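This is entry29.pdb. It holds PDB, C-alpha atoms.
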```pdb
ATOM      1  CA  THR B   1       0.000   0.000   0.000
ATOM      2  CA  VAL B   2       0.979   3.635  -0.220
ATOM      3  CA  ARG B   3       1.367   3.832   3.567
ATOM      4  CA  ALA B   4       3.931   0.960   3.447
ATOM      5  CA  VAL B   5       5.901   2.780   0.751
ATOM      6  CA  VAL B   6       5.945   5.950   2.857
ATOM      7  CA  ARG B   7       7.148   3.970   5.888
ATOM      8  CA  ALA B   8       9.893   2.375   3.799
ATOM      9  CA  ILE B   9      11.046   5.776   2.534
ATOM     10  CA  ARG B  10      11.055   7.180   6.070
ATOM     11  CA  SER B  11      13.128   4.280   7.403
ATOM     12  CA  GLN B  12      15.680   4.297   4.542
ATOM     13  CA  GLY B  13      16.139   7.991   3.872
ATOM     14  CA  ASP B  14      17.653   9.084   7.189
ATOM     15  CA  ASP B  15      20.274  11.321   5.552
ATOM     16  CA  ASN B  16      18.071  12.894   2.872
ATOM     17  CA  VAL B  17      16.092  15.731   4.493
ATOM     18  CA  VAL B  18      14.054  16.439   1.356
ATOM     19  CA  LEU B  19      12.992  12.802   1.073
ATOM     20  CA  GLN B  20      12.005  12.759   4.757
ATOM     21  CA  LEU B  21       9.981  15.956   4.280
ATOM     22  CA  LEU B  22       8.167  14.509   1.259
ATOM     23  CA  ALA B  23       7.454  11.294   3.149
ATOM     24  CA  CYS B  24       6.103  13.294   6.080
ATOM     25  CA  CYS B  25       3.820  15.317   3.764
ATOM     26  CA  ALA B  26       2.588  12.144   2.050
ATOM     27  CA  ASP B  27       1.907  10.565   5.440
ATOM     28  CA  CYS B  28      -0.098  13.633   6.500
ATOM     29  CA  ILE B  29      -2.162  13.606   3.287
ATOM     30  CA  LEU B  30      -2.841   9.887   3.701
ATOM     31  CA  GLY B  31      -3.952  10.515   7.270
ATOM     32  CA  CYS B  32      -6.411  13.188   6.115
ATOM     33  CA  ILE B  33      -7.844  10.914   3.419
ATOM     34  CA  GLU B  34      -8.140   8.080   5.927
ATOM     35  CA  ALA B  35     -10.027  10.323   8.384
ATOM     36  CA  ILE B  36     -12.480  11.428   5.684
ATOM     37  CA  VAL B  37     -13.141   7.836   4.611
ATOM     38  CA  GLU B  38     -13.674   6.708   8.210
ATOM     39  CA  PHE B  39     -16.024   9.660   8.808
ATOM     40  CA  PHE B  40     -18.321   8.704   5.938
ATOM     41  CA  ASN B  41     -18.046   4.967   6.634
ATOM     42  CA  LYS B  42     -20.115   5.476   9.776
ATOM     43  CA  TYR B  43     -22.989   7.000   7.831
ATOM     44  CA  ALA B  44     -22.692   4.488   4.999
ATOM     45  CA  TYR B  45     -23.048   1.664   7.529
ATOM     46  CA  VAL B  46     -26.326   3.223   8.679
ATOM     47  CA  GLU B  47     -27.608   2.993   5.088
ATOM     48  CA  ILE B  48     -26.446  -0.619   4.908
ATOM     49  CA  ALA B  49     -28.221  -1.486   8.157
ATOM     50  CA  MET B  50     -31.441   0.295   7.203
ATOM     51  CA  TYR B  51     -31.786  -0.725   3.561
ATOM     52  CA  GLY B  52     -29.456  -3.686   3.060
ATOM     53  CA  LYS B  53     -27.464  -1.959   0.313
ATOM     54  CA  ALA B  54     -23.953  -2.890  -0.721
ATOM     55  CA  PHE B  55     -21.208  -0.682   0.728
ATOM     56  CA  VAL B  56     -20.266   1.361  -2.349
ATOM     57  CA  PRO B  57     -23.854   2.310  -3.307
ATOM     58  CA  ALA B  58     -24.611   3.052   0.348
ATOM     59  CA  ALA B  59     -21.565   5.325   0.606
ATOM     60  CA  LYS B  60     -22.494   7.141  -2.613
ATOM     61  CA  ASP B  61     -26.122   7.519  -1.547
ATOM     62  CA  THR B  62     -25.117   8.773   1.877
ATOM     63  CA  TRP B  63     -22.707  11.333   0.442
ATOM     64  CA  THR B  64     -25.309  12.593  -2.039
ATOM     65  CA  LEU B  65     -28.039  12.669   0.576
ATOM     66  CA  ILE B  66     -25.956  14.541   3.126
ATOM     67  CA  LYS B  67     -24.826  17.113   0.555
ATOM     68  CA  ASP B  68     -28.276  17.588  -1.024
ATOM     69  CA  ARG B  69     -30.085  18.008   2.286
ATOM     70  CA  GLY B  70     -27.394  20.122   3.940
ATOM     71  CA  VAL B  71     -26.998  17.699   6.822
ATOM     72  CA  ASP B  72     -23.225  18.148   6.551
ATOM     73  CA  ALA B  73     -23.525  21.360   8.600
ATOM     74  CA  LEU B  74     -25.506  19.507  11.250
ATOM     75  CA  ILE B  75     -22.941  16.694  11.357
ATOM     76  CA  ASN B  76     -20.058  19.164  11.599
ATOM     77  CA  ASP B  77     -21.728  20.836  14.590
ATOM     78  CA  CYS B  78     -22.273  17.489  16.318
ATOM     79  CA  LEU B  79     -20.189  17.239  19.448
ATOM     80  CA  ILE B  80     -21.505  13.861  20.536
ATOM     81  CA  GLY B  81     -18.252  12.017  19.846
ATOM     82  CA  ASN B  82     -16.211  14.521  21.858
ATOM     83  CA  VAL B  83     -18.661  14.486  24.769
ATOM     84  CA  LEU B  84     -18.776  10.688  24.836
ATOM     85  CA  GLN B  85     -14.998  10.445  24.721
ATOM     86  CA  MET B  86     -14.667  12.940  27.575
ATOM     87  CA  GLY B  87     -17.266  10.982  29.577
ATOM     88  CA  ALA B  88     -15.350   7.753  29.014
ATOM     89  CA  PHE B  89     -12.113   9.488  30.044
ATOM     90  CA  LEU B  90     -13.687  10.803  33.258
ATOM     91  CA  CYS B  91     -15.170   7.385  34.095
ATOM     92  CA  ALA B  92     -11.795   5.761  33.480
ATOM     93  CA  ALA B  93     -10.135   8.342  35.735
ATOM     94  CA  VAL B  94     -12.630   7.537  38.505
ATOM     95  CA  VAL B  95     -11.943   3.804  38.107
ATOM     96  CA  ALA B  96      -8.178   4.456  38.227
ATOM     97  CA  LEU B  97      -8.701   6.530  41.390
ATOM     98  CA  VAL B  98     -10.718   3.701  42.965
ATOM     99  CA  ALA B  99      -7.935   1.253  42.029
ATOM    100  CA  TRP B 100      -5.370   3.516  43.676
ATOM    101  CA  LEU B 101      -7.533   3.875  46.780
ATOM    102  CA  TYR B 102      -7.961   0.099  46.957
ATOM    103  CA  ILE B 103      -4.213  -0.503  46.738
ATOM    104  CA  THR B 104      -3.440   2.266  49.211
ATOM    105  CA  ILE B 105      -6.033   1.248  51.803
ATOM    106  CA  THR B 106      -5.832  -2.563  51.627
ATOM    107  CA  LYS B 107      -2.051  -2.775  51.119
ATOM    108  CA  PRO B 108      -2.136  -6.214  49.462
ATOM    109  CA  GLU B 109       0.786  -8.598  50.024
ATOM    110  CA  TYR B 110       1.747  -8.751  46.363
ATOM    111  CA  ASN B 111       2.371  -4.987  46.406
ATOM    112  CA  THR B 112       4.357  -4.492  49.613
ATOM    113  CA  THR B 113       7.120  -2.685  47.720
ATOM    114  CA  GLY B 114       4.662  -0.614  45.684
ATOM    115  CA  SER B 115       6.072  -1.876  42.390
ATOM    116  CA  TYR B 116       2.642  -2.943  41.107
ATOM    117  CA  THR B 117       0.789   0.269  41.932
ATOM    118  CA  ALA B 118       1.426   2.100  38.650
ATOM    119  CA  PRO B 119       0.756  -0.899  36.366
ATOM    120  CA  ILE B 120      -2.507  -1.674  38.189
ATOM    121  CA  ILE B 121      -3.702   1.924  37.956
ATOM    122  CA  ILE B 122      -2.770   2.148  34.269
ATOM    123  CA  ALA B 123      -4.459  -1.182  33.520
ATOM    124  CA  ALA B 124      -7.589  -0.079  35.384
ATOM    125  CA  PHE B 125      -7.670   3.176  33.410
ATOM    126  CA  VAL B 126      -7.168   1.511  30.019
ATOM    127  CA  LEU B 127      -9.699  -1.250  30.672
ATOM    128  CA  ALA B 128     -12.322   1.186  31.983
ATOM    129  CA  MET B 129     -11.779   3.574  29.066
ATOM    130  CA  SER B 130     -12.132   0.720  26.589
ATOM    131  CA  MET B 131     -15.284  -0.651  28.195
ATOM    132  CA  PHE B 132     -16.966   2.748  28.419
ATOM    133  CA  MET B 133     -16.087   3.576  24.806
ATOM    134  CA  VAL B 134     -17.696   0.306  23.677
ATOM    135  CA  LEU B 135     -20.813   1.030  25.720
ATOM    136  CA  LEU B 136     -21.063   4.615  24.517
ATOM    137  CA  LYS B 137     -20.648   3.606  20.871
ATOM    138  CA  SER B 138     -24.356   2.750  20.779
ATOM    139  CA  ILE B 139     -25.192   6.384  21.563
ATOM    140  CA  ASP B 140     -22.846   7.540  18.801
ATOM    141  CA  SER B 141     -24.457   5.086  16.381
ATOM    142  CA  GLY B 142     -27.892   6.345  17.357
ATOM    143  CA  ALA B 143     -26.842   9.911  16.570
ATOM    144  CA  ALA B 144     -25.485   8.841  13.167
ATOM    145  CA  THR B 145     -28.726   7.000  12.446
ATOM    146  CA  THR B 146     -30.721  10.082  13.420
ATOM    147  CA  PHE B 147     -28.723  12.217  10.975
ATOM    148  CA  VAL B 148     -29.205   9.795   8.088
ATOM    149  CA  CYS B 149     -32.901   9.324   8.850
ATOM    150  CA  LEU B 150     -33.375  13.084   9.114
ATOM    151  CA  ALA B 151     -31.769  13.510   5.705
ATOM    152  CA  GLU B 152     -33.806  10.637   4.222
ATOM    153  CA  ASP B 153     -37.209  11.603   5.600
ATOM    154  CA  PRO B 154     -37.470  14.786   7.675
ATOM    155  CA  GLU B 155     -41.275  14.525   7.532
ATOM    156  CA  ALA B 156     -41.099  11.453   9.767
ATOM    157  CA  MET B 157     -39.389  13.515  12.457
ATOM    158  CA  ALA B 158     -41.984  16.257  11.988
ATOM    159  CA  ARG B 159     -44.731  13.670  12.610
ATOM    160  CA  ASN B 160     -43.141  11.673  15.396
ATOM    161  CA  ASN B 161     -41.184  14.283  17.338
ATOM    162  CA  PRO B 162     -42.472  17.785  16.541
ATOM    163  CA  GLN B 163     -40.474  19.456  19.323
ATOM    164  CA  LEU B 164     -37.149  18.085  18.084
ATOM    165  CA  PHE B 165     -38.167  18.909  14.526
ATOM    166  CA  ALA B 166     -38.899  22.515  15.551
ATOM    167  CA  MET B 167     -35.444  22.832  17.128
ATOM    168  CA  VAL B 168     -33.760  21.395  14.027
ATOM    169  CA  ARG B 169     -35.819  23.695  11.770
ATOM    170  CA  GLU B 170     -34.818  26.769  13.803
ATOM    171  CA  THR B 171     -31.118  25.918  13.869
ATOM    172  CA  TYR B 172     -30.697  24.263  10.454
ATOM    173  CA  PRO B 173     -33.474  25.436   8.110
ATOM    174  CA  GLN B 174     -31.649  24.090   5.020
ATOM    175  CA  VAL B 175     -31.935  20.540   6.376
ATOM    176  CA  VAL B 176     -35.721  20.567   6.550
ATOM    177  CA  ARG B 177     -36.548  22.842   3.616
ATOM    178  CA  GLY B 178     -39.926  22.124   2.120
ATOM    179  CA  VAL B 179     -41.125  20.210   5.155
ATOM    180  CA  HIS B 180     -43.861  21.678   7.283
ATOM    181  CA  ALA B 181     -44.512  20.772  10.880
ATOM    182  CA  VAL B 182     -47.302  18.253  11.328
ATOM    183  CA  GLU B 183     -49.973  19.026  13.895
ATOM    184  CA  ARG B 184     -50.793  16.171  16.264
ATOM    185  CA  PHE B 185     -54.397  15.642  17.222
TER     186      PHE B 185
END
```
Kindly present the structure from the file in C-alpha cells form.
Amino acid sequence: TVRAVVRAIRSQGDDNVVLQLLACCADCILGCIEAIVEFFNKYAYVEIAMYGKAFVPAAKDTWTLIKDRGVDALINDCLIGNVLQMGAFLCAAVVALVAWLYITITKPEYNTTGSYTAPIIIAAFVLAMSMFMVLLKSIDSGAATTFVCLAEDPEAMARNNPQLFAMVRETYPQVVRGVHAVERF
C-alpha cells in the first residue's frame, strides 16, 4: 500500500532531508484521506443497516443525501463524539482513582514494595476507558442514524417528534426545507 511505501522511505532515507519531508507530507495527506473515509463509513453503515445496500452504493447515496439536504452542517456541529470520549475518560479516571484507593487502603501482600501500583492503575484506566467507549458507541451510532434518517425523511421527524423537529428547523433550516410541521391531534 501507499502507507507501506511511505514507511519504507522514512526508514531508509535518514540522511536525505528532502525525502524525509516529502514522506512526512505524504503521510499527512494519507492521514487526512483516511479520516475522511472513516467519517463517511459510519454513515454508509447506517444505510447498509437500514436498507441492506452494498457498501459502495450506500456510501455514494449517503454522500449525495448529506450534501443535497445540507446535513453536513448539522454533522459538523455534532459534538456527541467529543462528549462521549470525555465521559469515558472521566469514568476511566474515577476507576483508576478507585484502584489507587484500593491498593493504598488494603495494602495487598503482592504490592508491599509498591512496584505494582502504577501498572494496576494504568491497567484499570485503560480497561475502563475501553469498556466505556464500547458502551457509549451505541449512543454515537444512534446519533449517526438520526442524521441519516433526518436527511432521508425529515417529515417522519416532523410527525413523530415535533419538538425536536422545531429545534432542528430553527437551527438548520436548510436541512428541513420544504417540510412543514405536522400538527398532532
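Among the candidates B:Ser141, B:Cys24, B:Arg69, B:Ala4, the residue lying nearest to Pro173 of chain B is B:Arg69 (atoms considered: all atoms listed in the file).
Of the residues listed (B:Ile120, B:Val98, B:Val2, B:Ile80), B:Ile80 shows the shortest atom-to-atom separation from Ile139 of chain B; distances use all atoms listed in the file.
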(message) Since I can't run it myself right now, could you work out what the PyMOL selection byres ((chain B and resi 145-161) around 6) selects here and report it as a PyMOL selection string?
(response) chain B and resi 46+69+142-144+162-165+181-182
(request) Please provide as a PyMOL selection string all residues within 9 Å of Ser11 of chain B, with the sequence filter that same-chain residues fewer than 4 positions apart are discarded (counting only C-alpha atoms). (result) chain B and resi 6-7+20
(message) Starting from the PyMOL selection byres ((chain B and resi 124) around 10), expand the selection into actual residues of this file and give them as a ChimeraX atom specification.
(response) /B:92-100,118-123,125-130
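The interatomic distance for the pair atom CA of Ala88 of chain B and atom CA of Ile48 of chain B works out to 27.8 Å.
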Output requested as a PDB file, keeping the file's coordinate frame - segment 86-100 of chain B, filled out with N, CA, C and O atoms.
```pdb
ATOM      1  N   MET B  86     -15.006  12.298  26.305  1.00  0.00           N
ATOM      2  CA  MET B  86     -14.667  12.940  27.575  1.00  0.00           C
ATOM      3  C   MET B  86     -15.336  12.193  28.734  1.00  0.00           C
ATOM      4  O   MET B  86     -14.730  12.015  29.793  1.00  0.00           O
ATOM      5  N   GLY B  87     -16.584  11.756  28.543  1.00  0.00           N
ATOM      6  CA  GLY B  87     -17.266  10.982  29.577  1.00  0.00           C
ATOM      7  C   GLY B  87     -16.540   9.678  29.869  1.00  0.00           C
ATOM      8  O   GLY B  87     -16.374   9.296  31.039  1.00  0.00           O
ATOM      9  N   ALA B  88     -16.092   9.002  28.820  1.00  0.00           N
ATOM     10  CA  ALA B  88     -15.350   7.753  29.014  1.00  0.00           C
ATOM     11  C   ALA B  88     -14.026   8.021  29.729  1.00  0.00           C
ATOM     12  O   ALA B  88     -13.616   7.253  30.608  1.00  0.00           O
ATOM     13  N   PHE B  89     -13.376   9.130  29.388  1.00  0.00           N
ATOM     14  CA  PHE B  89     -12.113   9.488  30.044  1.00  0.00           C
ATOM     15  C   PHE B  89     -12.344   9.745  31.535  1.00  0.00           C
ATOM     16  O   PHE B  89     -11.580   9.273  32.374  1.00  0.00           O
ATOM     17  N   LEU B  90     -13.402  10.498  31.852  1.00  0.00           N
ATOM     18  CA  LEU B  90     -13.687  10.803  33.258  1.00  0.00           C
ATOM     19  C   LEU B  90     -14.042   9.538  34.043  1.00  0.00           C
ATOM     20  O   LEU B  90     -13.598   9.363  35.178  1.00  0.00           O
ATOM     21  N   CYS B  91     -14.831   8.656  33.440  1.00  0.00           N
ATOM     22  CA  CYS B  91     -15.170   7.385  34.095  1.00  0.00           C
ATOM     23  C   CYS B  91     -13.920   6.543  34.319  1.00  0.00           C
ATOM     24  O   CYS B  91     -13.746   5.934  35.389  1.00  0.00           O
ATOM     25  N   ALA B  92     -13.041   6.520  33.339  1.00  0.00           N
ATOM     26  CA  ALA B  92     -11.795   5.761  33.480  1.00  0.00           C
ATOM     27  C   ALA B  92     -10.918   6.364  34.573  1.00  0.00           C
ATOM     28  O   ALA B  92     -10.268   5.635  35.332  1.00  0.00           O
ATOM     29  N   ALA B  93     -10.912   7.686  34.679  1.00  0.00           N
ATOM     30  CA  ALA B  93     -10.135   8.342  35.735  1.00  0.00           C
ATOM     31  C   ALA B  93     -10.685   7.983  37.109  1.00  0.00           C
ATOM     32  O   ALA B  93      -9.920   7.738  38.056  1.00  0.00           O
ATOM     33  N   VAL B  94     -12.013   7.924  37.224  1.00  0.00           N
ATOM     34  CA  VAL B  94     -12.630   7.537  38.505  1.00  0.00           C
ATOM     35  C   VAL B  94     -12.266   6.089  38.839  1.00  0.00           C
ATOM     36  O   VAL B  94     -11.917   5.767  39.992  1.00  0.00           O
ATOM     37  N   VAL B  95     -12.305   5.200  37.867  1.00  0.00           N
ATOM     38  CA  VAL B  95     -11.943   3.804  38.107  1.00  0.00           C
ATOM     39  C   VAL B  95     -10.467   3.699  38.509  1.00  0.00           C
ATOM     40  O   VAL B  95     -10.114   2.942  39.426  1.00  0.00           O
ATOM     41  N   ALA B  96      -9.597   4.461  37.865  1.00  0.00           N
ATOM     42  CA  ALA B  96      -8.178   4.456  38.227  1.00  0.00           C
ATOM     43  C   ALA B  96      -7.996   4.982  39.652  1.00  0.00           C
ATOM     44  O   ALA B  96      -7.178   4.443  40.421  1.00  0.00           O
ATOM     45  N   LEU B  97      -8.762   6.003  40.031  1.00  0.00           N
ATOM     46  CA  LEU B  97      -8.701   6.530  41.390  1.00  0.00           C
ATOM     47  C   LEU B  97      -9.156   5.478  42.407  1.00  0.00           C
ATOM     48  O   LEU B  97      -8.525   5.293  43.457  1.00  0.00           O
ATOM     49  N   VAL B  98     -10.230   4.769  42.086  1.00  0.00           N
ATOM     50  CA  VAL B  98     -10.718   3.701  42.965  1.00  0.00           C
ATOM     51  C   VAL B  98      -9.666   2.598  43.080  1.00  0.00           C
ATOM     52  O   VAL B  98      -9.430   2.067  44.175  1.00  0.00           O
ATOM     53  N   ALA B  99      -9.002   2.273  41.987  1.00  0.00           N
ATOM     54  CA  ALA B  99      -7.935   1.253  42.029  1.00  0.00           C
ATOM     55  C   ALA B  99      -6.799   1.714  42.933  1.00  0.00           C
ATOM     56  O   ALA B  99      -6.272   0.932  43.742  1.00  0.00           O
ATOM     57  N   TRP B 100      -6.432   2.978  42.830  1.00  0.00           N
ATOM     58  CA  TRP B 100      -5.370   3.516  43.676  1.00  0.00           C
ATOM     59  C   TRP B 100      -5.794   3.492  45.150  1.00  0.00           C
ATOM     60  O   TRP B 100      -5.001   3.110  46.023  1.00  0.00           O
TER      61      TRP B 100
END
```
